[in-house]
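Visitor: Next comes the structure file protein_12.cif, holding mmCIF, C-alpha atoms.
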```cif
data_data
loop_
_atom_site.label_atom_id
_atom_site.label_comp_id
_atom_site.auth_asym_id
_atom_site.auth_seq_id
_atom_site.Cartn_x
_atom_site.Cartn_y
_atom_site.Cartn_z
CA MET O 269 -7.19 -2.32 10.88
CA LEU O 270 -4.47 -1.11 8.53
CA SER O 271 -3.32 2.47 8.16
CA CYS O 272 -1.31 4.38 5.60
CA THR O 273 -1.01 8.09 4.87
CA ASP O 274 -0.10 9.88 1.64
CA ASN O 275 3.16 10.90 3.35
CA ALA O 276 4.06 7.29 4.17
CA LEU O 277 3.13 6.23 0.65
CA ASN O 278 5.52 8.78 -0.85
CA ASN O 279 8.63 7.78 1.12
CA ASP O 280 10.39 7.15 -2.20
CA GLY O 281 10.00 10.73 -3.49
CA THR O 282 6.82 10.18 -5.53
CA THR O 283 3.77 12.42 -5.12
CA LEU O 284 1.01 9.81 -5.29
CA ARG O 285 -2.23 10.19 -3.35
CA ILE O 286 -4.12 7.18 -2.04
CA GLY O 287 -7.46 8.74 -3.03
CA SER O 288 -6.29 9.17 -6.64
CA ALA O 289 -5.81 5.44 -7.23
CA LYS O 290 -8.00 4.11 -10.05
CA ASP O 291 -8.08 0.60 -8.60
CA ILE O 292 -6.78 -1.33 -5.59
CA ILE O 293 -5.82 -4.97 -6.12
CA PHE O 294 -5.24 -7.54 -3.39
CA ASN O 295 -1.91 -9.29 -4.10
CA SER O 296 -1.17 -11.71 -1.29
CA GLU O 297 -1.56 -12.42 2.38
CA THR O 298 0.19 -14.46 5.06
CA ASP O 299 -0.34 -14.68 8.81
CA LYS O 300 1.95 -11.68 9.27
CA MET O 301 1.54 -9.49 6.17
CA LEU O 302 -0.91 -8.22 3.56
CA ARG O 303 0.18 -6.86 0.15
CA ILE O 304 -1.94 -4.64 -2.12
CA THR O 305 -1.23 -2.67 -5.29
CA LEU O 306 -2.63 0.79 -5.99
CA PHE O 307 -3.15 1.35 -9.75
CA TYR O 308 -2.87 4.89 -11.09
CA GLY O 309 -2.87 4.22 -14.85
CA GLY O 310 0.88 4.75 -15.24
CA ILE O 311 2.83 4.34 -12.05
CA ASN O 312 1.57 1.59 -9.75
CA LYS O 313 2.50 1.31 -6.09
CA THR O 314 2.66 -1.97 -4.15
CA ILE O 315 2.27 -1.64 -0.40
CA THR O 316 2.98 -4.28 2.23
CA PHE O 317 1.37 -4.07 5.67
CA ASP O 318 2.40 -5.76 8.90
CA LYS O 319 -0.82 -7.31 10.19
CA THR O 320 0.31 -7.32 13.84
CA THR O 321 0.92 -3.55 13.95
CA GLY O 322 -1.37 -2.44 11.09
CA LYS O 323 1.45 -0.25 9.75
CA MET O 324 3.04 -0.14 6.34
CA ILE O 325 6.35 -2.04 5.98
CA LEU O 326 8.96 0.25 4.41
#
```
I need this file expressed as structure tokens, please.
Guide:
Amino acid sequence: MLSCTDNALNNDGTTLRIGSAKDIIFNSETDKMLRITLFYGGINKTITFDKTTGKMIL
């Protein structure tokens, strides 16, 4: 189980909402991490998750 909040997503000062993404694309995966990209039609956001903790890697 992975978790991410809008607050965690916007740690770089953006105001993106997870629910507003137009598409979510799987990028890559290893034993320890999973990387996805949220597409918004202009700005895209790539997120990396630690699979052992389920938390977003900042």
Visitor: Edge lengths and centre, in Å to one decimal, as JSON: that's what I need for the box along x, y and z that holds all listed atoms of region 304-314 of chain O plus 8 Å on each side.
Guide:
```
{"center_x": -0.2, "center_y": 0.1, "center_z": -8.7, "size_x": 22.0, "size_y": 25.5, "size_z": 29.1}
```
Visitor: Measuring between all atoms listed in the file, which one of O:Ser296, O:Thr282, O:Ser288, O:Asn275 shows the shortest distance to Tyr308 (chain O)?
Guide: O:Ser288
Visitor: Given the file shown, determine the residues that the PyMOL selection byres ((chain O and resi 312) around 10) selects; report them as an mmCIF file with C-alpha atoms, keeping the file's coordinate frame.
Guide:
```cif
data_model
loop_
_atom_site.group_PDB
_atom_site.id
_atom_site.type_symbol
_atom_site.label_atom_id
_atom_site.label_comp_id
_atom_site.auth_asym_id
_atom_site.auth_seq_id
_atom_site.Cartn_x
_atom_site.Cartn_y
_atom_site.Cartn_z
ATOM 1 C CA LEU O 284 1.010 9.810 -5.290
ATOM 2 C CA ALA O 289 -5.810 5.440 -7.230
ATOM 3 C CA LYS O 290 -8.000 4.110 -10.050
ATOM 4 C CA ASP O 291 -8.080 0.600 -8.600
ATOM 5 C CA ILE O 292 -6.780 -1.330 -5.590
ATOM 6 C CA THR O 305 -1.230 -2.670 -5.290
ATOM 7 C CA LEU O 306 -2.630 0.790 -5.990
ATOM 8 C CA PHE O 307 -3.150 1.350 -9.750
ATOM 9 C CA TYR O 308 -2.870 4.890 -11.090
ATOM 10 C CA GLY O 309 -2.870 4.220 -14.850
ATOM 11 C CA GLY O 310 0.880 4.750 -15.240
ATOM 12 C CA ILE O 311 2.830 4.340 -12.050
ATOM 13 C CA LYS O 313 2.500 1.310 -6.090
ATOM 14 C CA THR O 314 2.660 -1.970 -4.150
ATOM 15 C CA ILE O 315 2.270 -1.640 -0.400
#
```
Visitor: Could you expand the PyMOL selection byres ((chain O and resi 316) around 12) into the explicit residues it covers here, written as JSON, numbers by chain?
Guide: {"O": [270, 271, 272, 276, 277, 294, 295, 296, 297, 298, 300, 301, 302, 303, 304, 305, 306, 313, 314, 315, 317, 318, 319, 321, 322, 323, 324, 325, 326]}
